[in-house]
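Shown next: work-v6.cif, given as mmCIF, N, CA and C atoms.
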data_input
loop_
_atom_site.label_atom_id
_atom_site.label_comp_id
_atom_site.auth_asym_id
_atom_site.auth_seq_id
_atom_site.Cartn_x
_atom_site.Cartn_y
_atom_site.Cartn_z
N MET A 940 -82.04 -22.31 192.59
CA MET A 940 -81.01 -21.94 193.52
C MET A 940 -81.59 -20.95 194.53
N ILE A 941 -81.32 -21.19 195.78
CA ILE A 941 -81.83 -20.32 196.84
C ILE A 941 -80.83 -19.19 197.05
N LYS A 942 -81.30 -17.97 196.83
CA LYS A 942 -80.41 -16.82 196.96
C LYS A 942 -80.43 -16.23 198.36
N ASN A 943 -81.53 -16.40 199.07
CA ASN A 943 -81.62 -15.86 200.42
C ASN A 943 -82.14 -16.95 201.35
N PRO A 944 -81.23 -17.69 201.99
CA PRO A 944 -81.66 -18.82 202.82
C PRO A 944 -82.55 -18.41 203.99
N ARG A 945 -82.37 -17.22 204.53
CA ARG A 945 -83.21 -16.79 205.66
C ARG A 945 -84.66 -16.62 205.23
N THR A 946 -84.84 -16.02 204.07
CA THR A 946 -86.19 -15.83 203.55
C THR A 946 -86.84 -17.19 203.28
N TYR A 947 -86.08 -18.10 202.72
CA TYR A 947 -86.60 -19.45 202.44
C TYR A 947 -86.96 -20.17 203.73
N GLN A 948 -86.10 -20.06 204.73
CA GLN A 948 -86.37 -20.71 206.02
C GLN A 948 -87.64 -20.14 206.65
N LYS A 949 -87.81 -18.82 206.55
CA LYS A 949 -89.02 -18.19 207.09
C LYS A 949 -90.26 -18.70 206.35
N PHE A 950 -90.15 -18.83 205.02
CA PHE A 950 -91.26 -19.36 204.23
C PHE A 950 -91.60 -20.78 204.69
N GLN A 951 -90.58 -21.61 204.88
CA GLN A 951 -90.82 -22.99 205.32
C GLN A 951 -91.50 -23.01 206.70
N ASP A 952 -90.99 -22.21 207.61
CA ASP A 952 -91.57 -22.16 208.96
C ASP A 952 -93.02 -21.71 208.93
N ASP A 953 -93.30 -20.64 208.17
CA ASP A 953 -94.67 -20.13 208.07
C ASP A 953 -95.59 -21.15 207.43
N PHE A 954 -95.10 -21.83 206.39
CA PHE A 954 -95.91 -22.84 205.71
C PHE A 954 -96.25 -23.99 206.66
N THR A 955 -95.25 -24.45 207.39
CA THR A 955 -95.47 -25.56 208.32
C THR A 955 -96.43 -25.17 209.42
N LYS A 956 -96.32 -23.95 209.92
CA LYS A 956 -97.23 -23.49 210.98
C LYS A 956 -98.66 -23.38 210.46
N SER A 957 -98.81 -22.90 209.23
CA SER A 957 -100.17 -22.67 208.72
C SER A 957 -100.84 -23.95 208.20
N ARG A 958 -100.08 -24.88 207.62
CA ARG A 958 -100.68 -26.06 207.03
C ARG A 958 -100.24 -27.36 207.66
N GLY A 959 -99.27 -27.30 208.53
CA GLY A 959 -98.78 -28.53 209.13
C GLY A 959 -97.81 -29.25 208.20
N ASN A 960 -97.30 -30.35 208.65
CA ASN A 960 -96.39 -31.14 207.82
C ASN A 960 -97.15 -31.78 206.68
N LEU A 961 -96.47 -31.99 205.57
CA LEU A 961 -97.09 -32.62 204.42
C LEU A 961 -97.26 -34.11 204.67
N THR A 962 -98.31 -34.66 204.11
CA THR A 962 -98.49 -36.10 204.19
C THR A 962 -97.54 -36.77 203.21
N HIS A 963 -97.34 -38.05 203.39
CA HIS A 963 -96.47 -38.79 202.49
C HIS A 963 -97.00 -38.73 201.06
N LYS A 964 -98.29 -38.87 200.92
CA LYS A 964 -98.91 -38.85 199.59
C LYS A 964 -98.69 -37.50 198.90
N HIS A 965 -98.89 -36.42 199.65
CA HIS A 965 -98.71 -35.08 199.09
C HIS A 965 -97.23 -34.85 198.75
N SER A 966 -96.34 -35.29 199.61
CA SER A 966 -94.90 -35.14 199.36
C SER A 966 -94.49 -35.89 198.11
N LEU A 967 -95.02 -37.08 197.93
CA LEU A 967 -94.70 -37.88 196.76
C LEU A 967 -95.20 -37.21 195.48
N ARG A 968 -96.41 -36.67 195.52
CA ARG A 968 -96.94 -35.95 194.36
C ARG A 968 -96.09 -34.73 194.03
N LEU A 969 -95.67 -34.01 195.06
CA LEU A 969 -94.83 -32.84 194.88
C LEU A 969 -93.47 -33.23 194.28
N PHE A 970 -92.86 -34.27 194.81
CA PHE A 970 -91.58 -34.75 194.30
C PHE A 970 -91.71 -35.18 192.84
N THR A 971 -92.76 -35.92 192.52
CA THR A 971 -92.98 -36.39 191.15
C THR A 971 -93.12 -35.21 190.19
N ALA A 972 -93.84 -34.20 190.58
CA ALA A 972 -94.02 -33.03 189.73
C ALA A 972 -92.70 -32.29 189.54
N MET A 973 -91.92 -32.16 190.60
CA MET A 973 -90.62 -31.48 190.48
C MET A 973 -89.66 -32.30 189.61
N TRP A 974 -89.71 -33.63 189.73
CA TRP A 974 -88.86 -34.50 188.92
C TRP A 974 -89.20 -34.34 187.44
N LYS A 975 -90.49 -34.33 187.12
CA LYS A 975 -90.91 -34.15 185.73
C LYS A 975 -90.48 -32.79 185.19
N GLU A 976 -90.59 -31.77 186.01
CA GLU A 976 -90.17 -30.43 185.61
C GLU A 976 -88.67 -30.39 185.33
N ALA A 977 -87.88 -31.00 186.19
CA ALA A 977 -86.43 -31.04 186.00
C ALA A 977 -86.07 -31.80 184.74
N ARG A 978 -86.75 -32.90 184.47
CA ARG A 978 -86.49 -33.68 183.25
C ARG A 978 -86.86 -32.87 182.01
N ALA A 979 -87.97 -32.14 182.08
CA ALA A 979 -88.40 -31.32 180.95
C ALA A 979 -87.41 -30.19 180.67
N LEU A 980 -86.80 -29.67 181.72
CA LEU A 980 -85.81 -28.59 181.57
C LEU A 980 -84.41 -29.12 181.28
N ASP A 981 -84.28 -30.44 181.22
CA ASP A 981 -82.99 -31.09 180.99
C ASP A 981 -81.97 -30.69 182.06
N ALA A 982 -82.45 -30.57 183.30
CA ALA A 982 -81.60 -30.15 184.40
C ALA A 982 -80.96 -31.33 185.13
N LEU A 983 -81.39 -32.54 184.82
CA LEU A 983 -80.83 -33.73 185.47
C LEU A 983 -79.81 -34.38 184.55
N PRO A 984 -78.83 -35.06 185.11
CA PRO A 984 -77.87 -35.76 184.25
C PRO A 984 -78.55 -36.89 183.49
N SER A 985 -77.93 -37.27 182.38
CA SER A 985 -78.53 -38.34 181.58
C SER A 985 -78.47 -39.66 182.34
N GLU A 986 -79.22 -40.62 181.86
CA GLU A 986 -79.24 -41.93 182.52
C GLU A 986 -77.96 -42.70 182.25
N ASP A 987 -77.23 -42.34 181.19
CA ASP A 987 -75.97 -43.00 180.87
C ASP A 987 -74.82 -42.13 181.38
N PRO A 988 -74.14 -42.54 182.46
CA PRO A 988 -73.09 -41.70 183.04
C PRO A 988 -71.88 -41.53 182.12
N LEU A 989 -71.71 -42.41 181.14
CA LEU A 989 -70.57 -42.31 180.23
C LEU A 989 -70.89 -41.52 178.96
N GLU A 990 -72.09 -40.99 178.87
CA GLU A 990 -72.47 -40.21 177.70
C GLU A 990 -71.57 -38.98 177.61
N GLY A 991 -70.94 -38.80 176.46
CA GLY A 991 -70.08 -37.64 176.25
C GLY A 991 -68.66 -37.81 176.76
N ILE A 992 -68.30 -39.00 177.23
CA ILE A 992 -66.97 -39.21 177.79
C ILE A 992 -65.89 -39.08 176.72
N ALA A 993 -66.18 -39.46 175.47
CA ALA A 993 -65.19 -39.37 174.39
C ALA A 993 -64.76 -37.92 174.17
N VAL A 994 -65.69 -37.01 174.21
CA VAL A 994 -65.37 -35.59 174.04
C VAL A 994 -64.52 -35.11 175.20
N ASP A 995 -64.86 -35.50 176.42
CA ASP A 995 -64.09 -35.10 177.59
C ASP A 995 -62.66 -35.61 177.50
N ILE A 996 -62.47 -36.83 177.02
CA ILE A 996 -61.12 -37.39 176.90
C ILE A 996 -60.31 -36.63 175.86
N LYS A 997 -60.93 -36.29 174.73
CA LYS A 997 -60.22 -35.53 173.70
C LYS A 997 -59.79 -34.16 174.22
N ILE A 998 -60.68 -33.50 174.94
CA ILE A 998 -60.36 -32.18 175.50
C ILE A 998 -59.22 -32.31 176.51
N ALA A 999 -59.25 -33.33 177.34
CA ALA A 999 -58.19 -33.54 178.34
C ALA A 999 -56.85 -33.78 177.65
N LYS A 1000 -56.84 -34.56 176.57
CA LYS A 1000 -55.59 -34.81 175.83
C LYS A 1000 -55.01 -33.51 175.28
N VAL A 1001 -55.87 -32.69 174.69
CA VAL A 1001 -55.40 -31.42 174.12
C VAL A 1001 -54.85 -30.52 175.22
N LEU A 1002 -55.57 -30.40 176.33
CA LEU A 1002 -55.10 -29.55 177.42
C LEU A 1002 -53.80 -30.07 178.02
N ASN A 1003 -53.70 -31.37 178.19
CA ASN A 1003 -52.46 -31.94 178.74
C ASN A 1003 -51.28 -31.73 177.79
N SER A 1004 -51.51 -31.83 176.49
CA SER A 1004 -50.41 -31.61 175.55
C SER A 1004 -49.99 -30.15 175.56
N CYS A 1005 -50.93 -29.26 175.76
CA CYS A 1005 -50.59 -27.83 175.84
C CYS A 1005 -49.73 -27.57 177.08
N LEU A 1006 -50.04 -28.19 178.17
CA LEU A 1006 -49.27 -28.00 179.40
C LEU A 1006 -47.85 -28.55 179.25
N LYS A 1007 -47.69 -29.68 178.58
CA LYS A 1007 -46.38 -30.29 178.40
C LYS A 1007 -45.53 -29.48 177.44
N ASN A 1008 -46.15 -28.89 176.42
CA ASN A 1008 -45.40 -28.16 175.40
C ASN A 1008 -45.11 -26.71 175.77
N SER A 1009 -45.79 -26.18 176.76
CA SER A 1009 -45.54 -24.80 177.16
C SER A 1009 -44.28 -24.76 178.03
N SER A 1010 -43.52 -23.72 177.86
CA SER A 1010 -42.29 -23.60 178.65
C SER A 1010 -42.36 -22.37 179.52
N PRO A 1011 -42.08 -22.52 180.80
CA PRO A 1011 -42.09 -21.35 181.70
C PRO A 1011 -40.88 -20.47 181.42
N GLU A 1012 -41.12 -19.23 181.15
CA GLU A 1012 -40.01 -18.32 180.83
C GLU A 1012 -39.81 -17.30 181.90
#
Take the structure in the file and write it out as C-alpha cells.
Amino acid sequence: MIKNPRTYQKFQDDFTKSRGNLTHKHSLRLFTAMWKEARALDALPSEDPLEGIAVDIKIAKVLNSCLKNSSPE
C-alpha cells in the first residue's frame, strides 16, 4: 500500500529519468517476480471464486435472522 503518493511519484520520475523506460522483457520479469511474491504471501484470491461461499451464506443467514428478530424500542 502506498502511504505517500507524492514520494512514490517522485521515485517513479527519478527512476525513469535515470534509467529510462523499462523494456517489455524487464517488465515481464518484474511482474512475474511480484506475482510469485503475492502468491507466496497468499495475498491473491484463490483460483476458485466460490471457495468459502458456504461459510459466507451461513453468516448472512445468522445476521439476517438477528435483524428480523430485533425490535426497535
| task | Give the alpha helix (DSSP H) residues of chain A, as DSSP finds them on the backbone, and put them as a VMD selection string. | result | chain A and resid 944 to 958 963 to 979 992 to 1008
Output file for the residues above (N, CA and C atoms, as a CSV table (one decimal), in the frame of the given file):
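Written output follows (out06.csv):
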chain,number,residue,atom,x,y,z
A,944,PRO,N,-81.2,-17.7,202.0
A,944,PRO,CA,-81.7,-18.8,202.8
A,944,PRO,C,-82.6,-18.4,204.0
A,945,ARG,N,-82.4,-17.2,204.5
A,945,ARG,CA,-83.2,-16.8,205.7
A,945,ARG,C,-84.7,-16.6,205.2
A,946,THR,N,-84.8,-16.0,204.1
A,946,THR,CA,-86.2,-15.8,203.6
A,946,THR,C,-86.8,-17.2,203.3
A,947,TYR,N,-86.1,-18.1,202.7
A,947,TYR,CA,-86.6,-19.4,202.4
A,947,TYR,C,-87.0,-20.2,203.7
A,948,GLN,N,-86.1,-20.1,204.7
A,948,GLN,CA,-86.4,-20.7,206.0
A,948,GLN,C,-87.6,-20.1,206.6
A,949,LYS,N,-87.8,-18.8,206.6
A,949,LYS,CA,-89.0,-18.2,207.1
A,949,LYS,C,-90.3,-18.7,206.4
A,950,PHE,N,-90.2,-18.8,205.0
A,950,PHE,CA,-91.3,-19.4,204.2
A,950,PHE,C,-91.6,-20.8,204.7
A,951,GLN,N,-90.6,-21.6,204.9
A,951,GLN,CA,-90.8,-23.0,205.3
A,951,GLN,C,-91.5,-23.0,206.7
A,952,ASP,N,-91.0,-22.2,207.6
A,952,ASP,CA,-91.6,-22.2,209.0
A,952,ASP,C,-93.0,-21.7,208.9
A,953,ASP,N,-93.3,-20.6,208.2
A,953,ASP,CA,-94.7,-20.1,208.1
A,953,ASP,C,-95.6,-21.2,207.4
A,954,PHE,N,-95.1,-21.8,206.4
A,954,PHE,CA,-95.9,-22.8,205.7
A,954,PHE,C,-96.2,-24.0,206.7
A,955,THR,N,-95.2,-24.4,207.4
A,955,THR,CA,-95.5,-25.6,208.3
A,955,THR,C,-96.4,-25.2,209.4
A,956,LYS,N,-96.3,-24.0,209.9
A,956,LYS,CA,-97.2,-23.5,211.0
A,956,LYS,C,-98.7,-23.4,210.5
A,957,SER,N,-98.8,-22.9,209.2
A,957,SER,CA,-100.2,-22.7,208.7
A,957,SER,C,-100.8,-24.0,208.2
A,958,ARG,N,-100.1,-24.9,207.6
A,958,ARG,CA,-100.7,-26.1,207.0
A,958,ARG,C,-100.2,-27.4,207.7
A,963,HIS,N,-97.3,-38.0,203.4
A,963,HIS,CA,-96.5,-38.8,202.5
A,963,HIS,C,-97.0,-38.7,201.1
A,964,LYS,N,-98.3,-38.9,200.9
A,964,LYS,CA,-98.9,-38.8,199.6
A,964,LYS,C,-98.7,-37.5,198.9
A,965,HIS,N,-98.9,-36.4,199.6
A,965,HIS,CA,-98.7,-35.1,199.1
A,965,HIS,C,-97.2,-34.8,198.8
A,966,SER,N,-96.3,-35.3,199.6
A,966,SER,CA,-94.9,-35.1,199.4
A,966,SER,C,-94.5,-35.9,198.1
A,967,LEU,N,-95.0,-37.1,197.9
A,967,LEU,CA,-94.7,-37.9,196.8
A,967,LEU,C,-95.2,-37.2,195.5
A,968,ARG,N,-96.4,-36.7,195.5
A,968,ARG,CA,-96.9,-36.0,194.4
A,968,ARG,C,-96.1,-34.7,194.0
A,969,LEU,N,-95.7,-34.0,195.1
A,969,LEU,CA,-94.8,-32.8,194.9
A,969,LEU,C,-93.5,-33.2,194.3
A,970,PHE,N,-92.9,-34.3,194.8
A,970,PHE,CA,-91.6,-34.8,194.3
A,970,PHE,C,-91.7,-35.2,192.8
A,971,THR,N,-92.8,-35.9,192.5
A,971,THR,CA,-93.0,-36.4,191.2
A,971,THR,C,-93.1,-35.2,190.2
A,972,ALA,N,-93.8,-34.2,190.6
A,972,ALA,CA,-94.0,-33.0,189.7
A,972,ALA,C,-92.7,-32.3,189.5
A,973,MET,N,-91.9,-32.2,190.6
A,973,MET,CA,-90.6,-31.5,190.5
A,973,MET,C,-89.7,-32.3,189.6
A,974,TRP,N,-89.7,-33.6,189.7
A,974,TRP,CA,-88.9,-34.5,188.9
A,974,TRP,C,-89.2,-34.3,187.4
A,975,LYS,N,-90.5,-34.3,187.1
A,975,LYS,CA,-90.9,-34.2,185.7
A,975,LYS,C,-90.5,-32.8,185.2
A,976,GLU,N,-90.6,-31.8,186.0
A,976,GLU,CA,-90.2,-30.4,185.6
A,976,GLU,C,-88.7,-30.4,185.3
A,977,ALA,N,-87.9,-31.0,186.2
A,977,ALA,CA,-86.4,-31.0,186.0
A,977,ALA,C,-86.1,-31.8,184.7
A,978,ARG,N,-86.8,-32.9,184.5
A,978,ARG,CA,-86.5,-33.7,183.2
A,978,ARG,C,-86.9,-32.9,182.0
A,979,ALA,N,-88.0,-32.1,182.1
A,979,ALA,CA,-88.4,-31.3,181.0
A,979,ALA,C,-87.4,-30.2,180.7
A,992,ILE,N,-68.3,-39.0,177.2
A,992,ILE,CA,-67.0,-39.2,177.8
A,992,ILE,C,-65.9,-39.1,176.7
A,993,ALA,N,-66.2,-39.5,175.5
A,993,ALA,CA,-65.2,-39.4,174.4
A,993,ALA,C,-64.8,-37.9,174.2
A,994,VAL,N,-65.7,-37.0,174.2
A,994,VAL,CA,-65.4,-35.6,174.0
A,994,VAL,C,-64.5,-35.1,175.2
A,995,ASP,N,-64.9,-35.5,176.4
A,995,ASP,CA,-64.1,-35.1,177.6
A,995,ASP,C,-62.7,-35.6,177.5
A,996,ILE,N,-62.5,-36.8,177.0
A,996,ILE,CA,-61.1,-37.4,176.9
A,996,ILE,C,-60.3,-36.6,175.9
A,997,LYS,N,-60.9,-36.3,174.7
A,997,LYS,CA,-60.2,-35.5,173.7
A,997,LYS,C,-59.8,-34.2,174.2
A,998,ILE,N,-60.7,-33.5,174.9
A,998,ILE,CA,-60.4,-32.2,175.5
A,998,ILE,C,-59.2,-32.3,176.5
A,999,ALA,N,-59.2,-33.3,177.3
A,999,ALA,CA,-58.2,-33.5,178.3
A,999,ALA,C,-56.8,-33.8,177.6
A,1000,LYS,N,-56.8,-34.6,176.6
A,1000,LYS,CA,-55.6,-34.8,175.8
A,1000,LYS,C,-55.0,-33.5,175.3
A,1001,VAL,N,-55.9,-32.7,174.7
A,1001,VAL,CA,-55.4,-31.4,174.1
A,1001,VAL,C,-54.8,-30.5,175.2
A,1002,LEU,N,-55.6,-30.4,176.3
A,1002,LEU,CA,-55.1,-29.6,177.4
A,1002,LEU,C,-53.8,-30.1,178.0
A,1003,ASN,N,-53.7,-31.4,178.2
A,1003,ASN,CA,-52.5,-31.9,178.7
A,1003,ASN,C,-51.3,-31.7,177.8
A,1004,SER,N,-51.5,-31.8,176.5
A,1004,SER,CA,-50.4,-31.6,175.6
A,1004,SER,C,-50.0,-30.2,175.6
A,1005,CYS,N,-50.9,-29.3,175.8
A,1005,CYS,CA,-50.6,-27.8,175.8
A,1005,CYS,C,-49.7,-27.6,177.1
A,1006,LEU,N,-50.0,-28.2,178.2
A,1006,LEU,CA,-49.3,-28.0,179.4
A,1006,LEU,C,-47.8,-28.6,179.2
A,1007,LYS,N,-47.7,-29.7,178.6
A,1007,LYS,CA,-46.4,-30.3,178.4
A,1007,LYS,C,-45.5,-29.5,177.4
A,1008,ASN,N,-46.2,-28.9,176.4
A,1008,ASN,CA,-45.4,-28.2,175.4
A,1008,ASN,C,-45.1,-26.7,175.8
| task | Quote the spacing between atom N of Asp952 in chain A and atom C of Arg978 in chain A in Å to one decimal place. | result | 28.0 Å
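Atom to atom, atom N of Ile941 in chain A and atom C of Glu986 in chain A stand 25.6 Å apart.
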| query | What is the distance between CA of Gly991 in chain A and atom N of Asn1003 in chain A, in Å to one decimal? | reply |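 Straight-line distance from CA of Gly991 in chain A to atom N of Asn1003 in chain A works out to 17.6 Å.
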Around range 961-979 of chain A, fit a box with edges along x, y and z, padding it by 3 Å on each side, then list its centre and edge lengths in Å to one decimal as AutoDock Vina command-line options.
--center_x -92.5 --center_y -34.5 --center_z 193.1 --size_x 18.8 --size_y 14.7 --size_z 30.9
